[in-house]
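> Quick one: the structure is below, questions incoming.
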Amino acid sequence: SQALQAELLDLAVAAAERAGAFLRDGRPADLGVAATKTSAVDVVTEMDIASEKLITGYLGDHRPDDGFLGEEGASVEGTTGVQWVIDPIDGTVNYLYGRPAWAVSIAARKDGETVVGVVHVPMQGETFRACLGEGAYVGEQPLKAGAAPAFGQALLGTGFGYREERRIRQAEVVRQLIPQVRDIRRGGSAAIDLCDVACGRLDAYYERGLNPWDYAAGELIAREAGALVGGRPGEELSTELTVAAPPGLFETLQGKLDELGAWHD
Ligand code: IPD
């Protein structure tokens, strides 16, 4: 119902902004230049875990019987049919290096369907949000995915997984696509990439191998802004492949990615 969605949206925004402030203010200034990157990575991992705890703690105080699925291990069934899907830092490597493109991503699913999505980008001072059937917004401004350009004029976003074998395949797909389009960006946060499609800062985005917490909130925001989001042609998006773009460009990109086998390693 709209009342439930409104309640979940308010909680998600409040939780994401609390976590965002904690991560922004708590990040040691010398993280990126720390003597050993391994110890810096440990600090980021601790911030990631603390951020997830802060979010699940806040949401759990208000709605103690909901379920949770979080990147840092939160996994609770719950009894209300509502499950929160949480990425406490999406864009961890950007966060590590002091680059601004990282986000807190929180989605709420009701009986398996995503009904609320919030992507808070502390260093941009932006909170993207959407409720199912009610449009997408950044602040008070409604979002509209851009009109689809010709494939040759499209600015694409993508991302790469962490495993070598997968990255070899991903590099091959980029090699094939790059001469055909305006350009390709690797922003470093899937949640922000999906919001960028929602507001026209990217024409399209695709990536193989995302996890549900990377895309749950951004998927709804992109859809509610009028973009299409899916996987292989005729399929829903999945951890296998995520494609997002306005109608017209979406089908072209999906077809090319399928031909190139972008959905497998
Ligand atoms: C990563 C980011 C990145 C994408 C990776 C994700 P994380 O999430 O979204 O842009 O390319 O596939 O794993 O690890 O920073 O939460």
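Lettering and numbering for the structure tokens are positional, with chains as A, B, ... in the shown order, residues counted from 1 in each chain, and ligands counted from 1 in the shown order.
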What residues of the protein or nucleic acid chains come within 8 Å of ligand 1 when you use only C-alpha atoms and all ligand atoms? Reply as a PDB file with C-alpha atoms, in the first residue's frame.


```pdb
ATOM      1  CA  GLU A  71      26.521  -7.166   1.687  1.00  0.00           C
ATOM      2  CA  ASP A  87      24.778  -2.125   0.465  1.00  0.00           C
ATOM      3  CA  PRO A  88      26.453  -0.146   3.266  1.00  0.00           C
ATOM      4  CA  ILE A  89      29.139   1.223   0.879  1.00  0.00           C
ATOM      5  CA  ASP A  90      28.654   0.730  -2.852  1.00  0.00           C
ATOM      6  CA  GLY A  91      31.831   1.908  -4.517  1.00  0.00           C
ATOM      7  CA  THR A  92      34.198   0.673  -1.832  1.00  0.00           C
ATOM      8  CA  VAL A  93      37.333   1.255  -3.907  1.00  0.00           C
ATOM      9  CA  ASN A  94      36.311   4.884  -4.538  1.00  0.00           C
ATOM     10  CA  TRP A 102      30.366   6.018  -3.396  1.00  0.00           C
ATOM     11  CA  THR A 158      29.857  -0.365 -16.962  1.00  0.00           C
ATOM     12  CA  GLY A 159      31.771  -2.022 -14.162  1.00  0.00           C
ATOM     13  CA  PHE A 160      34.136  -4.907 -13.597  1.00  0.00           C
ATOM     14  CA  GLY A 161      34.029  -7.717 -11.080  1.00  0.00           C
ATOM     15  CA  TYR A 162      36.897  -8.562  -8.794  1.00  0.00           C
ATOM     16  CA  ARG A 186      33.661   2.968 -15.284  1.00  0.00           C
ATOM     17  CA  GLY A 187      32.253   4.939 -12.367  1.00  0.00           C
ATOM     18  CA  GLY A 188      32.916   2.428  -9.598  1.00  0.00           C
ATOM     19  CA  SER A 189      29.450   2.272  -8.034  1.00  0.00           C
ATOM     20  CA  ALA A 190      26.701   0.251  -9.676  1.00  0.00           C
ATOM     21  CA  ALA A 191      24.052   1.998  -7.549  1.00  0.00           C
ATOM     22  CA  ASP A 193      25.470   4.136 -12.397  1.00  0.00           C
ATOM     23  CA  GLU A 207      27.403  -5.049 -15.929  1.00  0.00           C
ATOM     24  CA  ARG A 208      27.842  -8.761 -15.475  1.00  0.00           C
ATOM     25  CA  GLY A 209      27.897 -10.322 -12.036  1.00  0.00           C
ATOM     26  CA  LEU A 210      26.299  -7.762  -9.718  1.00  0.00           C
ATOM     27  CA  ASN A 211      24.878  -8.788  -6.374  1.00  0.00           C
ATOM     28  CA  TRP A 213      22.457  -5.287  -2.878  1.00  0.00           C
ATOM     29  CA  ASP A 214      24.349  -3.482  -5.676  1.00  0.00           C
TER      30      ASP A 214
END
```

> For region 38-43 of chain A, please output as a PyMOL selection string all residues within 9 Å (counting only C-alpha atoms; exclusion window: fewer than 6 positions along the same chain).

chain A and resi 27-28+30-32+93+96

> Given only C-alpha atoms as the basis, pick out the residue of A:Arg24, A:Arg223, A:Arg169, A:His120 nearest to Gly261 (chain A).

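Counting only C-alpha atoms, the residue closest to Gly261 (chain A) is A:Arg169.
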
> Running DSSP on the backbone, which parts of region 97-141 of chain A land in strand (DSSP E or B), as a VMD selection string?

chain A and resid 103 to 110 113 to 121 126 to 131 136 to 138 141

> Save out the residues we just selected, N, CA, C and O atoms, as a tab-separated table (two decimals), in the first residue's frame.


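Writing the result to part.tsv gives the following:
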```tsv
chain	number	residue	atom	x	y	z
A	103	ALA	N	28.25	5.32	-2.46
A	103	ALA	CA	26.86	5.52	-2.06
A	103	ALA	C	26.46	4.52	-0.98
A	103	ALA	O	27.09	3.48	-0.81
A	104	VAL	N	25.41	4.88	-0.28
A	104	VAL	CA	24.72	3.93	0.60
A	104	VAL	C	23.43	3.56	-0.13
A	104	VAL	O	22.66	4.45	-0.51
A	105	SER	N	23.22	2.27	-0.34
A	105	SER	CA	22.07	1.82	-1.12
A	105	SER	C	21.15	0.97	-0.24
A	105	SER	O	21.60	-0.01	0.36
A	106	ILE	N	19.88	1.37	-0.17
A	106	ILE	CA	18.91	0.62	0.65
A	106	ILE	C	17.63	0.43	-0.15
A	106	ILE	O	17.04	1.42	-0.64
A	107	ALA	N	17.20	-0.81	-0.30
A	107	ALA	CA	15.92	-1.10	-0.95
A	107	ALA	C	15.04	-1.85	0.03
A	107	ALA	O	15.53	-2.56	0.92
A	108	ALA	N	13.72	-1.71	-0.15
A	108	ALA	CA	12.78	-2.53	0.61
A	108	ALA	C	11.98	-3.37	-0.37
A	108	ALA	O	11.46	-2.84	-1.37
A	109	ARG	N	11.92	-4.67	-0.11
A	109	ARG	CA	11.11	-5.57	-0.92
A	109	ARG	C	9.90	-6.00	-0.11
A	109	ARG	O	10.04	-6.27	1.10
A	110	LYS	N	8.74	-6.04	-0.75
A	110	LYS	CA	7.53	-6.54	-0.09
A	110	LYS	C	7.12	-7.80	-0.84
A	110	LYS	O	6.86	-7.74	-2.05
A	113	GLU	N	8.97	-8.26	-4.09
A	113	GLU	CA	8.96	-7.19	-5.09
A	113	GLU	C	9.57	-5.92	-4.49
A	113	GLU	O	9.18	-5.52	-3.38
A	114	THR	N	10.49	-5.28	-5.23
A	114	THR	CA	11.09	-4.05	-4.70
A	114	THR	C	10.07	-2.92	-4.76
A	114	THR	O	9.56	-2.59	-5.83
A	115	VAL	N	9.77	-2.33	-3.61
A	115	VAL	CA	8.76	-1.26	-3.54
A	115	VAL	C	9.38	0.10	-3.20
A	115	VAL	O	8.75	1.13	-3.43
A	116	VAL	N	10.59	0.09	-2.64
A	116	VAL	CA	11.25	1.34	-2.28
A	116	VAL	C	12.74	1.21	-2.59
A	116	VAL	O	13.35	0.16	-2.34
A	117	GLY	N	13.33	2.27	-3.14
A	117	GLY	CA	14.77	2.29	-3.39
A	117	GLY	C	15.35	3.64	-3.03
A	117	GLY	O	14.78	4.67	-3.41
A	118	VAL	N	16.45	3.62	-2.30
A	118	VAL	CA	17.14	4.87	-1.91
A	118	VAL	C	18.63	4.71	-2.16
A	118	VAL	O	19.24	3.72	-1.72
A	119	VAL	N	19.21	5.63	-2.91
A	119	VAL	CA	20.67	5.67	-3.11
A	119	VAL	C	21.14	7.04	-2.65
A	119	VAL	O	20.83	8.05	-3.29
A	120	HIS	N	21.86	7.05	-1.56
A	120	HIS	CA	22.35	8.31	-0.99
A	120	HIS	C	23.83	8.47	-1.33
A	120	HIS	O	24.62	7.56	-1.08
A	121	VAL	N	24.17	9.61	-1.93
A	121	VAL	CA	25.55	9.86	-2.36
A	121	VAL	C	26.08	11.04	-1.54
A	121	VAL	O	25.93	12.20	-1.94
A	126	GLU	N	23.46	14.21	-2.67
A	126	GLU	CA	22.25	13.81	-3.40
A	126	GLU	C	21.66	12.53	-2.82
A	126	GLU	O	22.41	11.59	-2.49
A	127	THR	N	20.34	12.51	-2.72
A	127	THR	CA	19.64	11.29	-2.34
A	127	THR	C	18.61	10.96	-3.42
A	127	THR	O	17.66	11.70	-3.62
A	128	PHE	N	18.86	9.89	-4.15
A	128	PHE	CA	17.94	9.40	-5.17
A	128	PHE	C	16.95	8.47	-4.49
A	128	PHE	O	17.34	7.66	-3.64
A	129	ARG	N	15.68	8.56	-4.90
A	129	ARG	CA	14.69	7.69	-4.23
A	129	ARG	C	13.55	7.38	-5.19
A	129	ARG	O	13.27	8.17	-6.11
A	130	ALA	N	12.91	6.25	-4.95
A	130	ALA	CA	11.74	5.88	-5.74
A	130	ALA	C	10.85	4.97	-4.93
A	130	ALA	O	11.32	4.19	-4.09
A	131	CYS	N	9.52	5.10	-5.15
A	131	CYS	CA	8.54	4.15	-4.65
A	131	CYS	C	7.86	3.54	-5.86
A	131	CYS	O	7.61	4.26	-6.84
A	136	ALA	N	10.41	8.56	-9.66
A	136	ALA	CA	11.71	8.64	-9.00
A	136	ALA	C	12.08	10.11	-8.84
A	136	ALA	O	11.70	10.95	-9.66
A	137	TYR	N	12.84	10.40	-7.81
A	137	TYR	CA	13.20	11.78	-7.48
A	137	TYR	C	14.64	11.85	-7.01
A	137	TYR	O	15.17	10.91	-6.43
A	138	VAL	N	15.25	13.03	-7.22
A	138	VAL	CA	16.46	13.36	-6.48
A	138	VAL	C	16.11	14.65	-5.75
A	138	VAL	O	15.73	15.64	-6.39
A	141	GLN	N	13.20	16.95	-7.06
A	141	GLN	CA	13.13	16.98	-8.53
A	141	GLN	C	12.79	15.61	-9.12
A	141	GLN	O	13.50	14.63	-8.87
```

> Apply DSSP to the backbone of this structure and, from region 2-108 of chain A, keep only the residues in alpha helix (DSSP H); write these as number ranges by chain.

A: 2-26, 37-62, 92-97

> When you count only C-alpha atoms, which of these residues is closest to Cys195 (chain A): A:Arg166, A:Ala244, A:Met47, A:Ala171?

A:Ala244

> Write out as a PyMOL selection string each polymer residue whose atoms come within 12 Å of Glu235 (chain A), counting only C-alpha atoms; drop sequence neighbours fewer than 4 positions from it.

chain A and resi 228-231+239-243+251+254-255+258+263

> Select, from A:Val76, A:Leu155, A:Ala145, A:Cys199, the residue with the minimum atom-to-atom distance to Pro247 (chain A), counting only C-alpha atoms.

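Residue with the minimum atom-to-atom distance to Pro247 (chain A): A:Ala145.
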
> I'd like to know which of A:Gly70, A:Gly98, A:Pro64, A:Gly226 is closest to Val82 (chain A), using only C-alpha atoms.

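Smallest separation from Val82 (chain A) among the options: A:Pro64.
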
> Quick one: residues within 8 Å of Ala15 (chain A), only C-alpha atoms counted, chain neighbours fewer than 6 positions away excluded, as a list of chain:residue names?

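My list of contacting residues is A:Leu54, A:Ile55, A:Tyr58, A:Leu59.
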